[in-house]
$ cat coords-v8.tsv   # TSV, C-alpha atoms
chain	number	residue	atom	x	y	z
T	1	MET	CA	-21.62	49.49	45.89
T	2	ILE	CA	-22.84	50.38	42.47
T	3	TRP	CA	-19.75	49.09	40.68
T	4	ILE	CA	-20.31	45.56	42.06
T	5	TYR	CA	-23.81	45.64	40.67
T	6	TYR	CA	-22.53	46.56	37.24
T	7	ILE	CA	-19.84	43.89	37.34
T	8	ASN	CA	-22.47	41.28	38.15
T	9	ILE	CA	-24.61	42.45	35.29
T	10	TYR	CA	-21.56	42.25	33.03
T	11	TYR	CA	-20.89	38.63	33.79
T	12	MET	CA	-24.51	37.58	33.89
T	13	SER	CA	-25.73	39.06	30.64
T	14	LYS	CA	-26.09	36.53	27.86
T	15	GLY	CA	-24.66	38.86	25.24
T	16	ASP	CA	-21.34	38.97	27.00
T	17	LEU	CA	-20.93	35.24	26.59
T	18	LEU	CA	-19.98	36.29	23.08
T	19	MET	CA	-17.46	38.90	24.26
T	20	TYR	CA	-13.81	38.03	23.71
T	21	ASP	CA	-10.49	39.74	24.24
T	22	VAL	CA	-9.29	38.75	20.78
T	23	ILE	CA	-11.09	37.43	17.73
T	24	ILE	CA	-8.94	35.93	15.01
T	25	ILE	CA	-10.52	35.58	11.60
T	26	GLY	CA	-8.87	32.74	9.72
T	27	LYS	CA	-7.80	29.26	10.76
T	28	GLY	CA	-4.55	29.01	8.81
T	29	PRO	CA	-0.99	29.05	10.17
T	30	ALA	CA	-1.01	32.81	10.86
T	31	GLY	CA	-4.30	32.76	12.75
T	32	LEU	CA	-3.47	29.63	14.75
T	33	GLN	CA	-0.06	30.94	15.78
T	34	ALA	CA	-1.57	34.27	16.88
T	35	ALA	CA	-4.20	32.37	18.90
T	36	LEU	CA	-1.55	30.31	20.70
T	37	TYR	CA	0.14	33.49	21.88
T	38	THR	CA	-3.01	35.33	22.96
T	39	ALA	CA	-4.53	32.31	24.74
T	40	ARG	CA	-1.28	31.54	26.56
T	41	ALA	CA	-1.35	35.16	27.74
T	42	LYS	CA	-4.74	34.33	29.32
T	43	LEU	CA	-6.74	36.35	26.81
T	44	LYS	CA	-10.14	34.99	25.90
T	45	THR	CA	-9.52	34.03	22.30
T	46	LEU	CA	-11.87	33.01	19.50
T	47	VAL	CA	-10.80	31.71	16.10
T	48	ILE	CA	-13.44	31.97	13.39
T	49	GLY	CA	-12.96	30.05	10.19
T	50	LYS	CA	-13.89	27.03	8.16
T	51	ASP	CA	-11.32	25.12	6.16
T	52	SER	CA	-8.05	26.91	5.50
T	53	VAL	CA	-6.60	26.90	1.97
T	54	ILE	CA	-3.45	25.22	3.32
T	55	GLU	CA	-5.53	22.16	4.22
T	56	LYS	CA	-5.65	21.33	0.52
T	57	SER	CA	-1.86	20.89	0.38
T	58	THR	CA	-1.01	17.26	-0.10
T	59	ARG	CA	2.54	17.57	1.17
T	60	ILE	CA	4.49	20.23	3.06
T	61	ASP	CA	8.25	19.69	3.08
T	62	ASN	CA	9.68	23.16	3.53
T	63	TYR	CA	8.45	24.09	6.98
T	64	CYS	CA	11.35	23.93	9.41
T	65	CYS	CA	11.37	21.53	12.37
T	66	ALA	CA	8.19	19.72	11.34
T	67	PRO	CA	8.11	16.38	9.52
T	68	SER	CA	6.74	16.13	5.99
T	69	GLN	CA	2.97	16.19	6.34
T	70	THR	CA	-0.24	17.28	4.66
T	71	GLY	CA	-1.79	20.68	5.21
T	72	GLU	CA	-4.75	19.02	6.90
T	73	GLU	CA	-2.42	17.31	9.40
T	74	LEU	CA	-0.55	20.55	10.09
T	75	ILE	CA	-3.74	22.52	10.79
T	76	ALA	CA	-5.18	19.69	12.92
T	77	ILE	CA	-2.10	19.89	15.17
T	78	GLY	CA	-2.44	23.68	15.38
T	79	VAL	CA	-6.11	23.41	16.36
T	80	GLN	CA	-5.25	20.76	18.96
T	81	GLN	CA	-2.53	23.00	20.42
T	82	GLY	CA	-4.96	25.90	20.52
T	83	LYS	CA	-7.70	23.93	22.25
T	84	ALA	CA	-5.19	22.73	24.85
T	85	VAL	CA	-4.59	26.33	25.95
T	86	GLY	CA	-8.23	27.39	25.83
T	87	VAL	CA	-8.72	28.79	22.33
T	88	GLU	CA	-12.34	28.57	21.19
T	89	PHE	CA	-13.03	27.67	17.58
T	90	LYS	CA	-16.14	28.40	15.54
T	91	LYS	CA	-16.55	26.80	12.13
T	92	GLU	CA	-18.28	29.84	10.75
T	93	ILE	CA	-17.62	32.43	8.05
T	94	ALA	CA	-17.10	36.07	8.94
T	95	VAL	CA	-19.26	38.29	6.73
T	96	SER	CA	-18.66	41.71	8.26
T	97	ILE	CA	-16.66	43.57	10.90
T	98	ARG	CA	-17.82	46.75	12.60
T	99	LYS	CA	-15.98	48.96	15.02
T	100	ASN	CA	-17.63	51.05	17.69
T	101	SER	CA	-16.34	51.01	21.27
T	102	THR	CA	-15.49	47.34	20.63
T	103	PHE	CA	-15.22	45.26	17.48
T	104	GLU	CA	-18.24	43.31	16.25
T	105	VAL	CA	-17.59	40.34	14.00
T	106	ILE	CA	-20.71	39.14	12.22
T	107	THR	CA	-20.62	35.58	10.92
T	108	ASP	CA	-23.06	33.45	8.95
T	109	ASN	CA	-24.37	32.25	12.30
T	110	ASN	CA	-23.78	34.79	15.04
T	111	THR	CA	-22.31	38.10	16.19
T	112	TYR	CA	-19.25	38.19	18.44
T	113	LYS	CA	-17.57	41.11	20.16
T	114	SER	CA	-13.95	41.68	21.04
T	115	LYS	CA	-11.43	44.27	22.12
T	116	ALA	CA	-8.99	43.35	19.37
T	117	VAL	CA	-9.22	41.60	16.00
T	118	ILE	CA	-6.56	39.85	13.97
T	119	ILE	CA	-7.34	39.34	10.28
T	120	ALA	CA	-5.62	36.23	8.93
T	121	THR	CA	-7.93	35.35	6.08
T	122	GLY	CA	-5.29	34.44	3.53
T	123	GLN	CA	-4.98	35.67	-0.02
T	124	PRO	CA	-7.99	37.75	-1.07
T	125	SER	CA	-10.13	36.29	-3.83
T	126	LYS	CA	-9.85	37.69	-7.32
T	127	LYS	CA	-12.33	40.16	-8.67
T	128	ILE	CA	-15.36	38.60	-10.35
T	129	PRO	CA	-14.65	38.62	-14.11
T	130	ILE	CA	-17.62	40.46	-15.56
T	131	LYS	CA	-17.27	42.79	-18.54
T	132	ASN	CA	-17.08	46.53	-17.65
T	133	ILE	CA	-16.79	45.91	-13.91
T	134	ASN	CA	-13.65	48.05	-13.65
T	135	TYR	CA	-14.94	50.82	-15.89
T	136	LEU	CA	-18.15	51.27	-13.92
T	137	GLU	CA	-16.65	51.10	-10.43
T	138	GLY	CA	-17.99	54.12	-8.53
T	139	LYS	CA	-20.31	54.76	-11.48
T	140	GLY	CA	-22.99	52.49	-10.13
T	141	ILE	CA	-20.81	49.55	-9.11
T	142	HIS	CA	-19.83	49.52	-5.45
T	143	TYR	CA	-18.43	47.21	-2.81
T	144	CYS	CA	-19.62	48.83	0.42
T	145	SER	CA	-23.30	49.54	1.04
T	146	THR	CA	-22.48	51.21	4.36
T	147	CYS	CA	-20.30	53.71	2.49
T	148	ASP	CA	-22.20	54.35	-0.73
T	149	GLY	CA	-25.70	52.95	-0.15
T	150	PHE	CA	-27.12	56.40	0.51
T	151	PHE	CA	-26.96	57.35	-3.17
T	152	TYR	CA	-29.48	54.68	-4.03
T	153	GLU	CA	-32.27	55.70	-1.68
T	154	GLY	CA	-35.48	54.33	-3.16
T	155	LEU	CA	-33.75	53.20	-6.35
T	156	LYS	CA	-33.36	49.76	-7.90
T	157	VAL	CA	-30.27	48.01	-6.65
T	158	GLY	CA	-28.73	44.65	-7.46
T	159	ILE	CA	-26.65	42.64	-5.02
T	160	ILE	CA	-24.23	40.31	-6.79
T	161	GLY	CA	-23.56	37.25	-4.67
T	162	TYR	CA	-24.81	33.90	-3.45
T	163	THR	CA	-23.54	33.48	0.13
T	164	ASP	CA	-24.42	34.79	3.57
T	165	TYR	CA	-22.01	37.63	2.86
T	166	ALA	CA	-24.31	38.82	0.03
T	167	ILE	CA	-27.36	38.55	2.27
T	168	GLN	CA	-25.63	40.65	4.94
T	169	GLU	CA	-24.92	43.31	2.30
T	170	LEU	CA	-28.54	43.07	1.11
T	171	LYS	CA	-29.82	43.62	4.66
T	172	GLU	CA	-27.60	46.67	5.07
T	173	MET	CA	-28.84	48.00	1.73
T	174	GLN	CA	-32.44	47.78	2.98
T	175	ASN	CA	-31.65	50.85	5.08
T	176	TYR	CA	-31.79	52.78	1.81
T	177	THR	CA	-34.15	50.97	-0.54
T	178	ASN	CA	-36.55	48.05	-0.69
T	179	ASN	CA	-36.16	47.67	-4.45
T	180	ILE	CA	-33.39	45.07	-4.27
T	181	THR	CA	-32.73	42.03	-6.42
T	182	LEU	CA	-30.19	39.32	-5.68
T	183	TYR	CA	-28.14	38.18	-8.71
T	184	THR	CA	-26.28	34.91	-8.09
T	185	ASN	CA	-24.43	34.79	-11.46
T	186	ASN	CA	-25.19	31.13	-12.09
T	187	GLN	CA	-24.18	30.06	-8.58
T	188	GLU	CA	-26.33	27.98	-6.26
T	189	LEU	CA	-27.43	29.87	-3.17
T	190	ASP	CA	-25.15	28.84	-0.30
T	191	ILE	CA	-26.79	30.44	2.72
T	192	ASN	CA	-27.97	29.39	6.17
T	193	THR	CA	-31.58	28.58	7.00
T	194	ILE	CA	-32.15	31.92	8.73
T	195	ASN	CA	-31.19	33.78	5.57
T	196	GLN	CA	-33.21	31.39	3.40
T	197	LYS	CA	-36.24	32.24	5.52
T	198	PHE	CA	-35.36	35.94	5.36
T	199	LEU	CA	-35.27	35.97	1.55
T	200	LYS	CA	-38.60	34.17	1.40
T	201	GLU	CA	-40.32	36.37	3.97
T	202	GLN	CA	-39.02	39.56	2.41
T	203	ASN	CA	-39.98	38.29	-1.04
T	204	ILE	CA	-36.60	39.28	-2.47
T	205	PRO	CA	-36.38	38.61	-6.23
T	206	ILE	CA	-33.53	36.22	-7.07
T	207	ILE	CA	-32.05	36.04	-10.58
T	208	THR	CA	-29.72	33.07	-11.03
T	209	LYS	CA	-28.70	33.67	-14.67
T	210	LYS	CA	-25.05	34.10	-15.60
T	211	ILE	CA	-24.09	37.75	-15.98
T	212	TYR	CA	-22.36	38.72	-19.21
T	213	SER	CA	-21.73	42.42	-18.62
T	214	PHE	CA	-22.62	45.60	-16.82
T	215	GLU	CA	-23.74	48.29	-19.25
T	216	GLY	CA	-23.72	52.09	-19.06
T	217	GLU	CA	-21.72	55.14	-20.12
T	218	GLN	CA	-21.66	57.73	-17.32
T	219	MET	CA	-23.42	55.44	-14.84
T	220	ILE	CA	-24.53	51.82	-14.88
T	221	LYS	CA	-27.84	51.36	-16.65
T	222	LYS	CA	-28.37	47.64	-16.90
T	223	ILE	CA	-27.11	44.12	-16.36
T	224	SER	CA	-26.82	41.92	-19.45
T	225	PHE	CA	-26.98	38.16	-19.12
T	226	ASP	CA	-25.49	35.32	-21.13
T	227	ASP	CA	-28.93	34.45	-22.49
T	228	GLN	CA	-29.03	37.98	-24.03
T	229	SER	CA	-31.71	39.21	-21.68
T	230	GLU	CA	-31.22	42.46	-19.73
T	231	GLU	CA	-32.38	44.11	-16.52
T	232	ASN	CA	-32.28	47.82	-15.73
T	233	VAL	CA	-30.59	48.78	-12.46
T	234	ASP	CA	-29.56	52.04	-10.83
T	235	GLY	CA	-26.75	50.52	-8.83
T	236	VAL	CA	-24.96	47.29	-8.10
T	237	PHE	CA	-23.19	46.15	-4.95
T	238	ILE	CA	-20.73	43.28	-5.24
T	239	ALA	CA	-20.60	40.78	-2.37
T	240	TYR	CA	-19.46	37.71	-4.24
T	241	GLY	CA	-18.20	34.56	-2.55
T	242	THR	CA	-16.78	34.95	0.93
T	243	ALA	CA	-15.78	38.30	2.39
T	244	SER	CA	-12.05	38.72	1.94
T	245	SER	CA	-9.51	40.86	3.74
T	246	VAL	CA	-10.00	43.54	1.09
T	247	ASP	CA	-13.76	43.56	1.69
T	248	PHE	CA	-13.21	44.00	5.42
T	249	ALA	CA	-10.71	46.76	4.63
T	250	ARG	CA	-13.23	48.64	2.51
T	251	LYS	CA	-15.80	48.62	5.29
T	252	LEU	CA	-13.43	49.54	8.10
T	253	GLY	CA	-11.11	51.98	6.36
T	254	ILE	CA	-8.04	49.76	6.64
T	255	MET	CA	-5.22	50.91	4.38
T	256	ILE	CA	-4.57	48.49	1.52
T	257	GLN	CA	-2.08	48.49	-1.29
T	258	ASP	CA	-1.99	46.08	-4.23
T	259	ASN	CA	-4.77	44.03	-2.65
T	260	ALA	CA	-2.80	43.54	0.58
T	261	ILE	CA	-3.52	44.98	4.02
T	262	GLN	CA	-0.83	47.44	5.01
T	263	VAL	CA	0.75	46.68	8.39
T	264	ASP	CA	3.74	47.98	10.30
T	265	ASP	CA	6.60	45.85	11.63
T	266	ASN	CA	4.36	44.66	14.48
T	267	GLN	CA	1.46	43.67	12.18
T	268	LYS	CA	-0.60	46.69	13.24
T	269	THR	CA	-2.99	48.23	10.73
T	270	ASN	CA	-3.93	51.90	10.72
T	271	ILE	CA	-6.86	51.10	13.06
T	272	ASP	CA	-6.28	50.73	16.80
T	273	GLY	CA	-6.74	47.16	18.00
T	274	LEU	CA	-6.80	45.71	14.49
T	275	TYR	CA	-3.95	43.52	13.23
T	276	ALA	CA	-3.33	41.42	10.16
T	277	ALA	CA	-1.01	38.50	9.46
T	278	GLY	CA	-0.21	35.99	6.75
T	279	ASP	CA	-1.02	36.04	3.05
T	280	CYS	CA	-3.60	38.84	3.37
T	281	THR	CA	-0.70	41.22	4.04
T	282	GLY	CA	1.07	40.30	0.79
T	283	GLY	CA	4.79	39.60	0.64
T	284	PHE	CA	6.35	36.12	0.76
T	285	LYS	CA	3.38	33.77	0.99
T	286	GLN	CA	4.78	30.84	2.96
T	287	ILE	CA	3.75	28.97	6.11
T	288	SER	CA	6.95	30.05	7.85
T	289	THR	CA	6.32	33.76	7.23
T	290	ALA	CA	2.63	33.43	8.13
T	291	VAL	CA	3.55	31.81	11.44
T	292	GLY	CA	6.08	34.55	12.20
T	293	GLN	CA	3.58	37.28	11.41
T	294	GLY	CA	0.91	35.49	13.45
T	295	ALA	CA	3.23	35.47	16.47
T	296	LEU	CA	3.89	39.19	16.08
T	297	ALA	CA	0.20	39.99	15.64
T	298	GLY	CA	-0.60	37.95	18.76
T	299	LYS	CA	2.09	39.76	20.73
T	300	SER	CA	0.83	43.16	19.55
T	301	ALA	CA	-2.77	42.28	20.49
T	302	ILE	CA	-1.60	41.19	23.95
T	303	GLU	CA	0.19	44.51	24.47
T	304	TYR	CA	-2.82	46.45	23.22
T	305	ILE	CA	-5.26	44.73	25.57
T	306	LYS	CA	-2.87	45.02	28.51
T	307	LYS	CA	-2.74	48.76	27.87
T	308	LEU	CA	-6.54	48.95	27.66
T	309	LYS	CA	-6.84	47.21	31.03
T	310	GLU	CA	-4.32	49.59	32.59
T	311	GLU	CA	-6.35	52.55	31.38
T	312	ILE	CA	-9.56	51.32	33.03
E	1	MET	CA	-6.75	77.39	-0.66
E	2	THR	CA	-10.29	75.95	-0.64
E	3	VAL	CA	-10.63	72.30	0.29
E	4	LYS	CA	-14.01	70.59	0.24
E	5	VAL	CA	-14.73	67.08	1.46
E	6	TYR	CA	-17.91	65.28	0.39
E	7	SER	CA	-18.62	62.51	2.86
E	8	THR	CA	-21.20	60.43	4.72
E	9	PRO	CA	-21.14	59.70	8.47
E	10	THR	CA	-21.03	55.91	7.97
E	11	CYS	CA	-18.11	55.85	5.55
E	12	PRO	CA	-14.83	54.87	7.28
E	13	TRP	CA	-12.70	56.24	4.44
E	14	CYS	CA	-14.35	59.66	4.84
E	15	THR	CA	-13.19	59.65	8.45
E	16	ARG	CA	-9.67	58.74	7.34
E	17	VAL	CA	-9.58	61.62	4.83
E	18	LYS	CA	-10.76	64.14	7.39
E	19	GLU	CA	-8.34	62.84	10.03
E	20	TYR	CA	-5.51	63.08	7.54
E	21	LEU	CA	-6.33	66.66	6.52
E	22	SER	CA	-6.64	67.67	10.17
E	23	SER	CA	-3.31	66.02	10.99
E	24	LYS	CA	-1.73	68.21	8.30
E	25	ASN	CA	-3.48	71.32	9.69
E	26	VAL	CA	-5.45	71.76	6.47
E	27	ASP	CA	-8.74	73.63	6.86
E	28	PHE	CA	-11.59	72.08	4.92
E	29	VAL	CA	-15.36	72.30	4.52
E	30	ASP	CA	-17.13	69.01	5.13
E	31	TYR	CA	-20.37	68.33	3.25
E	32	ASP	CA	-22.47	65.44	4.53
E	33	VAL	CA	-24.01	64.25	1.28
E	34	SER	CA	-26.37	61.90	3.12
E	35	SER	CA	-28.26	64.92	4.47
E	36	ASP	CA	-27.56	67.49	1.77
E	37	ARG	CA	-29.08	66.39	-1.53
E	38	ASP	CA	-27.78	69.45	-3.43
E	39	LYS	CA	-24.22	68.76	-2.36
E	40	ALA	CA	-24.67	65.09	-3.26
E	41	MET	CA	-25.63	66.09	-6.78
E	42	GLU	CA	-22.75	68.57	-6.89
E	43	MET	CA	-20.37	65.77	-5.90
E	44	ILE	CA	-21.72	63.42	-8.59
E	45	THR	CA	-21.44	66.16	-11.24
E	46	LYS	CA	-17.89	67.01	-10.23
E	47	SER	CA	-16.56	63.49	-9.84
E	48	GLY	CA	-18.73	61.59	-12.34
E	49	GLN	CA	-19.40	58.87	-9.81
E	50	ARG	CA	-21.27	58.10	-6.59
E	51	GLY	CA	-18.59	56.83	-4.23
E	52	VAL	CA	-17.47	58.75	-1.15
E	53	PRO	CA	-15.25	60.36	-0.05
E	54	VAL	CA	-14.56	62.96	-2.71
E	55	VAL	CA	-12.05	65.74	-2.05
E	56	ASP	CA	-12.10	68.96	-4.06
E	57	ILE	CA	-8.85	70.91	-3.80
E	58	GLU	CA	-9.19	74.10	-5.82
E	59	GLY	CA	-11.10	72.22	-8.51
E	60	ASN	CA	-8.86	69.16	-8.50
E	61	ILE	CA	-11.13	66.22	-7.79
E	62	ILE	CA	-9.82	63.26	-5.81
E	63	ILE	CA	-11.95	60.15	-5.41
E	64	GLY	CA	-11.40	58.05	-2.29
E	65	PHE	CA	-8.60	58.48	0.23
E	66	ASP	CA	-5.75	59.03	-2.21
E	67	GLN	CA	-3.01	60.38	0.04
E	68	GLN	CA	-0.53	60.78	-2.79
E	69	ASN	CA	-2.80	63.10	-4.77
E	70	ILE	CA	-3.96	64.98	-1.69
E	71	ASP	CA	-0.30	65.70	-0.88
E	72	ARG	CA	0.38	66.66	-4.48
E	73	PHE	CA	-2.46	69.17	-4.80
E	74	LEU	CA	-1.82	70.62	-1.36
E	75	ASN	CA	1.94	70.81	-1.94
E	76	LEU	CA	2.57	68.86	1.27
$ encode --input "coords-v8.tsv" --output "structure tokens"
Amino acid sequence: MIWIYYINIYYMSKGDLLMYDVIIIGKGPAGLQAALYTARAKLKTLVIGKDSVIEKSTRIDNYCCAPSQTGEELIAIGVQQGKAVGVEFKKEIAVSIRKNSTFEVITDNNTYKSKAVIIATGQPSKKIPIKNINYLEGKGIHYCSTCDGFFYEGLKVGIIGYTDYAIQELKEMQNYTNNITLYTNNQELDINTINQKFLKEQNIPIITKKIYSFEGEQMIKKISFDDQSEENVDGVFIAYGTASSVDFARKLGIMIQDNAIQVDDNQKTNIDGLYAAGDCTGGFKQISTAVGQGALAGKSAIEYIKKLKEEI
Amino acid sequence: MTVKVYSTPTCPWCTRVKEYLSSKNVDFVDYDVSSDRDKAMEMITKSGQRGVPVVDIEGNIIIGFDQQNIDRFLNL
């Protein structure tokens, strides 16, 4: 019985310990609500996220049916509820998502696979305020090495960033060139020990000076720093801070409008098996709406996986 | 009407553009600029930038998956 053999291999292989039905990126109200639904539907559910922005709220008074409480208290209850129904939590930061036959979510610590993904990462961070960044977008300034890295084969490239997200982008860029410098823009490196070792072993130059501007007419030519020094570059890839919903969208081809992921009435994006909920979808940014969208995203993911199982 | 798409295999937005054109029954020529250096240079010259996808509809250059402009130049 060949199929029994394969099933055994499936359950025994170490890699599949990291295989989930649903991965939810974001530990705020939208993500936690989605997780409650998917876990109660017996789907193997993983929530990836460190502290949610809402945890900084000192008092929440406008969320129906719950007493006045802090954001930290609210999230702690949500996590407790999730754990009670089998949700797994990883205090890690997602740095990239890939889609092949399944989704792959790469974090600062590991790689996880799933059949469906719900993005609930909150409001995307603002663009890094460096002079000429808008003007030179596409003209040497890029946000997706997977998409545009090819044009810089063998050329000098700068990665702007200081977190594991930047190192992930740097590693992807090494498919095209080894002439890469990391520019942290006056930020302390905030990366895990594996990536610290990687930078050292690969002898990657690191410039920590604050960037004043990107310079060039038709294409970027150089980076100018606050101390009036300059460095020539052929291209720059921005991977600053943590990867936001918009960064994931760029890499996956998710439709966005006005910095918000576009979803339908059931929180579905334009990619099969990929959903979004909460502030990253724009609109009325409240806990109550995030929770409602999280429930819908969870429900949609359940239906999607049920359909996948029926097709097998 | 001549429609050209300049793309790379790893770019998700290139896939979206091509899927969209196909869904509208629009014939197009796809140039993989990751394997065709001449077409890559042609794309950079035409669009003045190095991001993919680029769509050329009868000389009208569209950068990225800009559905509104694709519809406009194709009279969809």
$ atom_distance --input "coords-v8.tsv" --atom1 "atom CA of Tyr240 of chain T" --atom2 "atom CA of His142 of chain T"
11.9 Å
$ interface_residues --input "coords-v8.tsv" --of "chain E" --to "chain T" --cutoff "6 Å" --atoms "only C-alpha atoms" --output "short mmCIF file (atom, residue, chain, number, x, y, z; two decimals) with C-alpha atoms, in the coordinates of the input"
data_model
loop_
_atom_site.label_atom_id
_atom_site.label_comp_id
_atom_site.auth_asym_id
_atom_site.auth_seq_id
_atom_site.Cartn_x
_atom_site.Cartn_y
_atom_site.Cartn_z
CA THR E 10 -21.03 55.91 7.97
CA CYS E 11 -18.11 55.85 5.55
CA PRO E 12 -14.83 54.87 7.28
CA TRP E 13 -12.70 56.24 4.44
CA GLN E 49 -19.40 58.87 -9.81
CA ARG E 50 -21.27 58.10 -6.59
CA GLY E 51 -18.59 56.83 -4.23
#
$ residues_around --input "coords-v8.tsv" --residues "segment 1-8 of chain E" --least-positions-apart "4" --cutoff "7 Å" --atoms "all atoms listed in the file" --output "list in words"
Cys14, Asp27, Phe28, Val29, Asp30, Tyr31, Asp32, Val33, Ser34, Met43, Val52, Pro53, Val54, Val55, Asp56, Ile57 and Glu58 of chain E
$ axis_aligned_box --input "coords-v8.tsv" --around "segment 155-174 of chain T" --padding-each-side "5 Å" --output "JSON"
{"center_x": -27.9, "center_y": 43.3, "center_z": -1.4, "size_x": 21.7, "size_y": 29.7, "size_z": 23.0}
$ residues_around --input "coords-v8.tsv" --residues "Asn186 of chain T" --least-positions-apart "5" --cutoff "12 Å" --atoms "only C-alpha atoms" --output "JSON, numbers by chain"
{"T": [160, 161, 162, 206, 207, 208, 209, 210, 211, 212, 225, 226, 227, 240]}
$ atom_distance --input "coords-v8.tsv" --atom1 "atom CA of Gly86 of chain T" --atom2 "atom CA of Asn109 of chain T"
21.6 Å
$ closest_residue --input "coords-v8.tsv" --among "T:Glu172, T:Glu311, T:Pro124, T:Lys197" --to "Gly282 of chain T" --atoms "all atoms listed in the file"
T:Pro124
$ atom_distance --input "coords-v8.tsv" --atom1 "atom CA of Lys200 of chain T" --atom2 "atom CA of Leu182 of chain T"
12.1 Å
$ residues_around --input "coords-v8.tsv" --residues "Ser125 of chain T" --least-positions-apart "4" --cutoff "9 Å" --atoms "all atoms listed in the file" --output "list in words"
Gly241, Thr242, Ala243, Ser244, Ser245 and Val246 of chain T
$ residues_around --input "coords-v8.tsv" --residues "segment 54-58 of chain T" --least-positions-apart "4" --cutoff "6 Å" --atoms "only C-alpha atoms" --output "ChimeraX atom specification"
/T:70-72
$ closest_residue --input "coords-v8.tsv" --among "T:Asp258, T:Glu88, T:Asp264, T:Asp272" --to "Ile305 of chain T" --atoms "all atoms listed in the file"
T:Asp272
$ residues_near_point --input "coords-v8.tsv" --point "(-16.5, 67.6, -10.6)" --cutoff "9 Å" --atoms "all atoms listed in the file" --output "number ranges by chain"
E: 42-48, 56, 59-61
$ residues_around --input "coords-v8.tsv" --residues "Tyr63 of chain T" --least-positions-apart "5" --cutoff "12 Å" --atoms "all atoms listed in the file" --output "mmCIF file with C-alpha atoms, in the coordinates of the input"
data_model
loop_
_atom_site.group_PDB
_atom_site.id
_atom_site.type_symbol
_atom_site.label_atom_id
_atom_site.label_comp_id
_atom_site.auth_asym_id
_atom_site.auth_seq_id
_atom_site.Cartn_x
_atom_site.Cartn_y
_atom_site.Cartn_z
ATOM 1 C CA PRO T 29 -0.990 29.050 10.170
ATOM 2 C CA SER T 68 6.740 16.130 5.990
ATOM 3 C CA GLN T 69 2.970 16.190 6.340
ATOM 4 C CA THR T 70 -0.240 17.280 4.660
ATOM 5 C CA GLY T 71 -1.790 20.680 5.210
ATOM 6 C CA LEU T 74 -0.550 20.550 10.090
ATOM 7 C CA GLN T 286 4.780 30.840 2.960
ATOM 8 C CA ILE T 287 3.750 28.970 6.110
ATOM 9 C CA SER T 288 6.950 30.050 7.850
ATOM 10 C CA THR T 289 6.320 33.760 7.230
ATOM 11 C CA ALA T 290 2.630 33.430 8.130
ATOM 12 C CA VAL T 291 3.550 31.810 11.440
ATOM 13 C CA GLY T 292 6.080 34.550 12.200
#
